[in-house]
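Beneath this line is the structure, given in structure tokens, with notes to follow.
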Amino acid sequence: MGSSFEAGIGLAAVAPFVAAILAPYIQRFAGAYAGWILAIIPASIFLYLLGFADAVIHGETVSSVIEWIPAYGINLSFLVDGLSLIFALTISGVGTLIILYSGAYLAGHHHQGRFLGYMLAFMGAMLGLVLADSLLALFLFWELTSVTSFLLIGFDHSRQAARRGAIQALVLTNIGGMFLLAGAILVYQLAGTWEMSAVRQMGEVLRGNELYLLVLICFLGAAFTKSAQFPLHFWLPNAMEAPTPVSAFLHSATMVQAGVYLLARMTPSLGGTDVWTNTLVIFGGITLIWGSLGALKQTDLKQILAQTTIASLGLLVLLIGLGSDYAISAMVVYFVAHAFYKAGLFMVAGAIDHEAGTREITALGGLAEKMPVTFIGAALASLSMIGLPLTIGYFAKEEMYLGLMSGEWTAILVMIVLIAGNAMLAGVALLVMIRPFLGEAVATPKKPHEAPIAMLAGPILLGAGGIIAGILPDWLGHDVLVPGASAILGRAVESHLTLALDFTSLLLWLSALTWLLGVLVYRQADTIRTLLRRFDKALGWTADTVFDIVMFSLIRFSGALTRFLHHGQLEFYLVIVFAALAAALFGPMLVWGGLDWLEPTAELGDWSQRLVLPALAPYEWGVLALAVLGLIAVLIAQSRLVAILSLGVQGTAVALIFLLFGAPDLAFTQLMVEILSVVILTFVMTRLRLDQRDHRPFEDWARDGALAIVCGLGVSLLLMLVLNGTLDTRLSDFFTATSVPIAHGHNIVNVILVDYRGFDTLGEIAVVMGAGMAVLALLRRQKKPAPAPSEPDKPKRARKPRKAAS
Amino acid sequence: MNTVIFRTLAPLIVAIMLVFSVYVTLRGHNEPGGGFIGGLIAAASIAVFGMAAGVSAVRRSLRFDPMAIAGFGVVLAGLSGLASLLTGSPFMTSIWLYLEFGPSIIPLSTPLFFDLGVYCVVFGTLSAIALSLESDREEDL
């Protein structure tokens with residue numbers, strides 16, 4: 001494909017982010033048409049990606065590598081195969097409809113541009129995630145989706161519940177992100193490559209390694225948090241605080257599917273073992289049942305849909321865990337079916353909320369007359385969700401049952417779980433389709449009327465898509481199922497989807513049983529809800545409350561730790577710093593025998609004869625004496641001013657010593673530093689008191705004095721130790737030899753500072769500036785009245801707002 | 001501190017110190033000196049000026065907020081490092097340019113601008129601190 005492909009995929013990767021930056025301006029400029037304009041971006045990405053379909057259907061893969069950090073072998077590599085193409089097309093296709101929808105849903109909202117920007121940025125991250133081949137690129141985009149989803153969930157940031165949902169989602173998905181990073185690094189250690197396409201060939205190596213379990217835990221941790229598997233599912237319902245387009249996009253077909261994608265991606269590398277199958281099937285099964293029960297518990301349309309999403313995610317994970325050809329085929333078809341109907345239903349829920357003013361199904365009814373097109377969209381999606389023939393949902397269900405016809409008891413058990421889950425989902429689908437739309441019209445907060453076309457396009461197109469895929473099983477099988485399932489399993493998979501109904505087959509009767517149970521669930525929905533709610537009340541706590549307790553304890557713990565370490569007494573800070581310095585000086589010297597040379601040896605003899613005074617010129621002795629005198633003056637000075645000046649005298653003497661012994665640069669700097677320290681210290685002290693020095697208790701005085709002597713002694717000993725050894729002159733030789741020819745400078749000190757070690761200096765001057773700003777802040781603060789002390793143990797809910805709002 | 005002699009002499013001292021600081025900075029590549037020392041000298045001169053003429057007068061004559069000068073220094077140093085990217089070499093590779101003006105040759109280089117950045121940071125930060133400490137009124141901070 002060459003460079004044109006690379007340019008294309010680069011453009012596709014960058015375009016959403018560029019559009020995200022421009023979105024607020026486009027919105028200001030285009031107003032109500034912003035949605036239509038911005039939808040061009042995902043639409044063109046969709047068409048561009050569709051261009052790969054032909055190659056991918058024929059079993060080819062397309063890859064591209066952009067060098068990122070070549071020195072470490074880290075690349076931004078992308079791979080288009082059956083799996084990633086299905087996900088990418090779903091993301092860009094649904095994304096197009098969602099952007100359109102958002103344009104109308106948030107029309108007139110003063111932050112609509114920002115919202116569209118977040119949406120596009122999220123879409124870019126999600127596309128990158130599914131197209132990435134390098135594990136590190138995958139991690140990068142994974143985290144980007146977490147961050148953008150945080151922004152989207154907390155979009156309505158003036159509401160406390162939205163902020164809480166956003167933080168909860170961020171915390172959980174970021175924990176998952178850390179798991180993913182750990183897993184990626186482990187895989188790199190074991191397989192020696194970051195590229196997933198190469199890792200896929202090394203499944204045996206990974207599965208055979210003793211670290212396999214650890215790798216598996218890392219990847220499962222990542223996938224389970226992102227895809228809201230039990231018991232980490234609770235963030236998803238809380239994330240429904242986001243505006244409905246967000247739920248329709250992130251929490252149906254895209255972000256929450258990232259975990260499913262990851263598991264599918266890693267199937268050839270990590271899958272197939274007993275522990276993989278058991279874990280995924282058990283957790284997926286529990287999630288399926290838990291989510292469907294949760295859906296029956298709710299009356300808010302969005303919450304119902306959120307819970308069914310959890311159930312569907314569980315179902316997908318379960319299917320991946322089974323790992324057979326049928327199960328994986330079912331997973332692919334179910335993913336597509338789910339994307340079609342769930343995004344559509346969320347958009348319907350948003351339209352109802354938008355036009356009727358409420359999402360409570362108990363307060364809705366008879367909307368079909370007022371909103372006929374919305375009703376059609378809802379009905380199409382719900383039929384697919386129920387899995388009736390001629391919809392794509394039917395094939396998904398058939399496929400998953402087909403894989404479990406072996407008759408073993410485990411298969412039967414899984415089958416029962418699947419039928420129960422599907423039946424409950426079907427019941428919920430009936431509920432969502434019938435309750436708000438049919439029956440008697442109920443008075444709603446707003447006078448309901450049909451939603452604008454931009455909000456109808458999504459449900460209708462997606463619903464129709466679900467039906468079209470349902471009546472074209474050959475196309476669905478050949479162009480979707482086979483490439484997707486083959487890409488996941490790494491071997492050719494055959495499709496056997498057919499429209500024909502075989503009444504002798506057990507399969508059809510299992511489907512019929514599911515529908516029957518679904519109708520039963522629908523009829524008894526109110527009773528079931530009452531029962532479940534009573535059970536919840538009896539239980540008293542949920543995973544959500546556990547999360548609150550954990551977060552609350554964490555905040556209290558960090559508060560306590562901060563108060564312990566950051567007590568605000570400068571004196572103790574200094575004591576700790578210098579004690580640590582003393583330990584750092586003496587510890588290594590004692591451990592590695594750095595003080596051995598001090599010990600007297602046997603032939604010491606008359607030591608006083610060996611003690612020779614260094615041969616110094618008189619003026620050099622004079623400078624030394626000046627330094628000592630300055631030091632003594634500091635200690636005995638009666639006023640602070642005298643002490644500061646004496647310190648300056650001592651420092652100047654040290655500068656002179658540097659000058660005399662061949663370090664003019666150092667001396668120069670030392671002199672300037674001394675002058676400025678005297679000036680600045682004096683200024684500081686004028687703000688306090690310049691005359692009398694403090695009377696300090698003896699123990700303070702003794703403690704500080706001892707510390708000072710120990711530190712001074714340590715530094716002196718260390719320097720002597722360094723001088724005792726042979727000086728390694730490699731570096732200084734290198735600098736002397738190269739300073740003029742390659743750095744064009746004769747002053748080696750300066751050349752090192754600005755050229756050889758320029759990057760260090762850059763960091764240092766940034767630190768200097770930062771420290772300066774901190775000093776200014778402290779000085780300014782001193783003049784204002786101290787703020788009222790904040791209470792240490794405020795409840796968490798009150799704390800969060802400030803955190804999120806800042 | 002506010003003696004007539006000091007107030008009269010201070011501008012002179014300050015001017016000489018400032019010129020000297022630039023001189024020290026520019027010669028730093030070949031002889032003792034450099035941006036750090038130059039910045040220290042300049043900051044000391046500002047401290048002296050503040051003592052003699054008062055903080056607000058110094059701020060007026062500086063025109064820019066000292067912290068802004070420091071920020072400019074960091075940016076200048078960073079940019080001088082980025083310049084090498086244009087030639088395709090790694091970050092902070094030095095580039096040298098010899099300008100000929102008749103008999104004299106003026107060497108320009110990215111390390112020179114880097115050193116000027118260091119000068120600005122040290123000068124700006126320390127002047128800001130010194131001036132804040134010297135001023136007694138809030139509006140001078």
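Note on naming: chains are A, B, ... as they come in the structure tokens, residues start from 1 per chain, ligands start from 1 in the order shown.
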| request: Residues of chain B no more than 8 Å from chain A, counting only C-alpha atoms: send them over as a ChimeraX atom specification. | output: /B:28-34,36-37,40-41,44,47,67,70-71,74,77-78,92-94,111-112,114-115,118,121-122,125-126,128-130,132-134,138,141
| task | Return as number ranges by chain the full set of residues in stretch 9-141 of chain B whose backbone-based DSSP assignment is strand (DSSP E). | result | B: 96-101, 104-109
Can you spit out the residues from that selection as a PDB file, in the first residue's frame, using C-alpha atoms?
```
ATOM      1  CA  TRP B  96      27.316  28.151  14.816  1.00  0.00           C
ATOM      2  CA  LEU B  97      27.168  31.117  12.510  1.00  0.00           C
ATOM      3  CA  TYR B  98      30.126  33.392  11.854  1.00  0.00           C
ATOM      4  CA  LEU B  99      29.121  36.843  10.714  1.00  0.00           C
ATOM      5  CA  GLU B 100      31.868  38.866   9.077  1.00  0.00           C
ATOM      6  CA  PHE B 101      31.858  42.612   9.474  1.00  0.00           C
ATOM      7  CA  SER B 104      35.971  41.449  12.760  1.00  0.00           C
ATOM      8  CA  ILE B 105      34.110  38.187  12.932  1.00  0.00           C
ATOM      9  CA  ILE B 106      31.118  37.849  15.203  1.00  0.00           C
ATOM     10  CA  PRO B 107      30.364  34.288  16.180  1.00  0.00           C
ATOM     11  CA  LEU B 108      26.700  33.652  16.789  1.00  0.00           C
ATOM     12  CA  SER B 109      25.540  30.351  18.151  1.00  0.00           C
TER      13      SER B 109
END
```
List as a PDB file with C-alpha atoms, in the first residue's frame the protein and nucleic acid residues near A:Leu280, meaning an atom at most 6 Å away when only C-alpha atoms are counted, but skip any in the same chain fewer than 2 places from it.
```
ATOM      1  CA  THR A 277     -12.177 -20.068  29.707  1.00  0.00           C
ATOM      2  CA  ASN A 278     -13.368 -20.506  33.274  1.00  0.00           C
ATOM      3  CA  ILE A 282     -17.973 -17.296  34.992  1.00  0.00           C
ATOM      4  CA  PHE A 283     -17.504 -13.536  35.181  1.00  0.00           C
ATOM      5  CA  GLY A 284     -19.274 -12.973  31.878  1.00  0.00           C
ATOM      6  CA  VAL A 317     -17.025 -11.748  27.447  1.00  0.00           C
ATOM      7  CA  LEU A 318     -18.667 -15.103  28.040  1.00  0.00           C
ATOM      8  CA  GLY A 321     -14.275 -17.171  26.989  1.00  0.00           C
TER       9      GLY A 321
END
```
| message | Quick one: residues within 12 Å of A:His111, only C-alpha atoms, excluding same-chain residues fewer than 6 positions away - as number ranges by chain? | response | A: 23-25, 27-28, 31, 102-103, 117-118, 152, 155-157
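Using only C-alpha atoms, the residues found no farther than 10 Å from B:Pro11, other than those of its own chain fewer than 3 positions away, are Phe6, Arg7, Thr8, Val14, Ala15, Ile16, Met17, Ser45, Ile46, Val48, Phe49, Ala52 and Ala53 of chain B.
If only C-alpha atoms are the atoms counted, then among A:Leu263, A:Gly192, A:Trp475, A:Phe234 the closest residue to A:Leu216 is A:Leu263.
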What's around stretch 398-410 of chain A at 9 Å? Count only C-alpha atoms, leave out sequence neighbours fewer than 4 positions away in its own chain, and write the answer as a compact mmCIF listing (two decimals) with N, CA and C atoms, in the first residue's frame.
```
# COMPACT_ATOMS: atom_id res chain seq x y z
N LEU A 319 -18.83 -15.23 25.62
CA LEU A 319 -18.62 -15.86 24.32
C LEU A 319 -17.14 -15.95 23.98
N LEU A 322 -15.69 -18.81 25.85
CA LEU A 322 -15.96 -20.13 25.27
C LEU A 322 -14.97 -20.43 24.14
N SER A 324 -14.96 -21.15 21.09
CA SER A 324 -15.13 -22.04 19.94
C SER A 324 -15.44 -21.21 18.69
N ASP A 325 -15.38 -21.86 17.54
CA ASP A 325 -15.69 -21.15 16.29
C ASP A 325 -17.06 -20.51 16.36
N TYR A 326 -18.04 -21.30 16.85
CA TYR A 326 -19.41 -20.79 16.93
C TYR A 326 -19.49 -19.60 17.88
N ALA A 327 -18.84 -19.77 19.04
CA ALA A 327 -18.94 -18.72 20.06
C ALA A 327 -18.34 -17.42 19.53
N ILE A 328 -17.19 -17.53 18.87
CA ILE A 328 -16.55 -16.32 18.38
C ILE A 328 -17.38 -15.71 17.25
N SER A 329 -17.94 -16.58 16.38
CA SER A 329 -18.82 -16.05 15.34
C SER A 329 -19.98 -15.32 15.97
N ALA A 330 -20.57 -15.94 17.01
CA ALA A 330 -21.69 -15.31 17.69
C ALA A 330 -21.28 -13.99 18.29
N MET A 331 -20.05 -13.95 18.85
CA MET A 331 -19.57 -12.73 19.48
C MET A 331 -19.49 -11.60 18.45
N VAL A 333 -21.11 -11.33 15.54
CA VAL A 333 -22.44 -10.90 15.10
C VAL A 333 -23.15 -10.15 16.22
N TYR A 334 -23.00 -10.64 17.45
CA TYR A 334 -23.67 -9.97 18.56
C TYR A 334 -23.12 -8.57 18.77
N GLY A 387 -34.32 -10.40 19.19
CA GLY A 387 -33.75 -11.46 18.39
C GLY A 387 -34.78 -12.18 17.55
N GLY A 393 -30.16 -9.49 15.32
CA GLY A 393 -30.11 -10.08 16.65
C GLY A 393 -30.46 -11.56 16.64
N TYR A 394 -31.30 -11.97 15.69
CA TYR A 394 -31.68 -13.37 15.59
C TYR A 394 -30.47 -14.24 15.34
N VAL A 414 -24.25 -23.31 30.84
CA VAL A 414 -24.03 -22.02 30.15
C VAL A 414 -25.26 -21.68 29.33
N MET A 415 -25.84 -22.72 28.69
CA MET A 415 -27.03 -22.51 27.87
C MET A 415 -28.16 -21.93 28.70
N LEU A 418 -27.49 -18.37 29.36
CA LEU A 418 -27.70 -17.56 28.16
C LEU A 418 -29.19 -17.35 27.92
N ILE A 419 -29.96 -18.43 28.04
CA ILE A 419 -31.40 -18.30 27.78
C ILE A 419 -32.03 -17.36 28.80
N LEU A 497 -24.84 -18.98 8.24
CA LEU A 497 -26.06 -18.26 8.54
C LEU A 497 -27.06 -18.50 7.42
N LEU A 506 -33.74 -28.19 17.33
CA LEU A 506 -33.90 -27.77 18.72
C LEU A 506 -33.62 -26.27 18.86
N LEU A 507 -32.71 -25.81 17.98
CA LEU A 507 -32.27 -24.43 18.03
C LEU A 507 -33.44 -23.45 17.99
N LEU A 508 -34.35 -23.70 17.04
CA LEU A 508 -35.47 -22.78 16.87
C LEU A 508 -36.34 -22.79 18.12
N LEU A 510 -35.36 -23.42 21.11
CA LEU A 510 -34.68 -22.68 22.18
C LEU A 510 -34.92 -21.19 22.02
N SER A 511 -34.87 -20.74 20.76
CA SER A 511 -35.16 -19.33 20.51
C SER A 511 -36.58 -19.01 20.92
```
| task | Name the residues of chain B that fall into alpha helix (DSSP H) according to DSSP on the backbone, using the chain letters and numbers of this document, as a PyMOL selection string. | result | chain B and resi 4-27+35-53+55-62+66-82+110-134
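Separating atom CA of A:Ala349 from atom CA of A:Leu100 is a distance of 15.9 Å.
In this model, the gap between atom CA of A:Tyr105 and atom CA of A:Leu11 comes to 28.6 Å.
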| request: Can you work out the spacing between atom CA of A:Ala426 and atom CA of A:Leu364 in Å, to one decimal? | output: 19.9 Å
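Look at stretch 567-577 of chain A: the protein and nucleic acid residues within 10 Å of it, using only C-alpha atoms and passing over chain neighbours fewer than 5 places away, are Leu561, Thr562, Ala582, Ala583, Asp700, Arg703, Asp704, Leu707 and Ala708 of chain A.
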Can you write out the residues you just picked, keeping N, CA and C atoms, as a PDB file, in the first residue's frame?
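Generated file (selection05.pdb):
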```pdb
ATOM      1  N   LEU A 561      -1.891  11.504  56.364  1.00  0.00           N
ATOM      2  CA  LEU A 561      -0.475  11.402  56.021  1.00  0.00           C
ATOM      3  C   LEU A 561       0.105  12.790  55.730  1.00  0.00           C
ATOM      4  N   THR A 562      -0.674  13.602  55.003  1.00  0.00           N
ATOM      5  CA  THR A 562      -0.207  14.943  54.687  1.00  0.00           C
ATOM      6  C   THR A 562      -0.033  15.760  55.955  1.00  0.00           C
ATOM      7  N   ALA A 582      22.893  13.686  56.770  1.00  0.00           N
ATOM      8  CA  ALA A 582      23.918  13.008  57.578  1.00  0.00           C
ATOM      9  C   ALA A 582      23.861  11.502  57.355  1.00  0.00           C
ATOM     10  N   ALA A 583      22.633  10.963  57.343  1.00  0.00           N
ATOM     11  CA  ALA A 583      22.501   9.513  57.130  1.00  0.00           C
ATOM     12  C   ALA A 583      23.030   9.140  55.749  1.00  0.00           C
ATOM     13  N   ASP A 700      17.447  22.415  71.940  1.00  0.00           N
ATOM     14  CA  ASP A 700      17.365  22.794  70.531  1.00  0.00           C
ATOM     15  C   ASP A 700      18.741  23.133  69.991  1.00  0.00           C
ATOM     16  N   ARG A 703      20.900  20.101  69.669  1.00  0.00           N
ATOM     17  CA  ARG A 703      20.478  19.240  68.563  1.00  0.00           C
ATOM     18  C   ARG A 703      20.957  19.817  67.228  1.00  0.00           C
ATOM     19  N   ASP A 704      20.680  21.111  67.032  1.00  0.00           N
ATOM     20  CA  ASP A 704      21.058  21.713  65.752  1.00  0.00           C
ATOM     21  C   ASP A 704      22.564  21.754  65.583  1.00  0.00           C
ATOM     22  N   LEU A 707      23.832  18.328  64.720  1.00  0.00           N
ATOM     23  CA  LEU A 707      23.522  18.007  63.326  1.00  0.00           C
ATOM     24  C   LEU A 707      24.473  18.728  62.385  1.00  0.00           C
ATOM     25  N   ALA A 708      24.717  20.017  62.681  1.00  0.00           N
ATOM     26  CA  ALA A 708      25.586  20.802  61.808  1.00  0.00           C
ATOM     27  C   ALA A 708      26.979  20.201  61.778  1.00  0.00           C
TER      28      ALA A 708
END
```
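Minimum distance to A:Ala485 across A:Gly465, A:Gly59, A:Gly221, A:Gly377 (counting only C-alpha atoms) occurs at A:Gly59.
Nearest to A:Leu22 of all the residues A:Ile286, A:Ala34, A:Ala363, A:Ala182 is A:Ala34, counting only C-alpha atoms.
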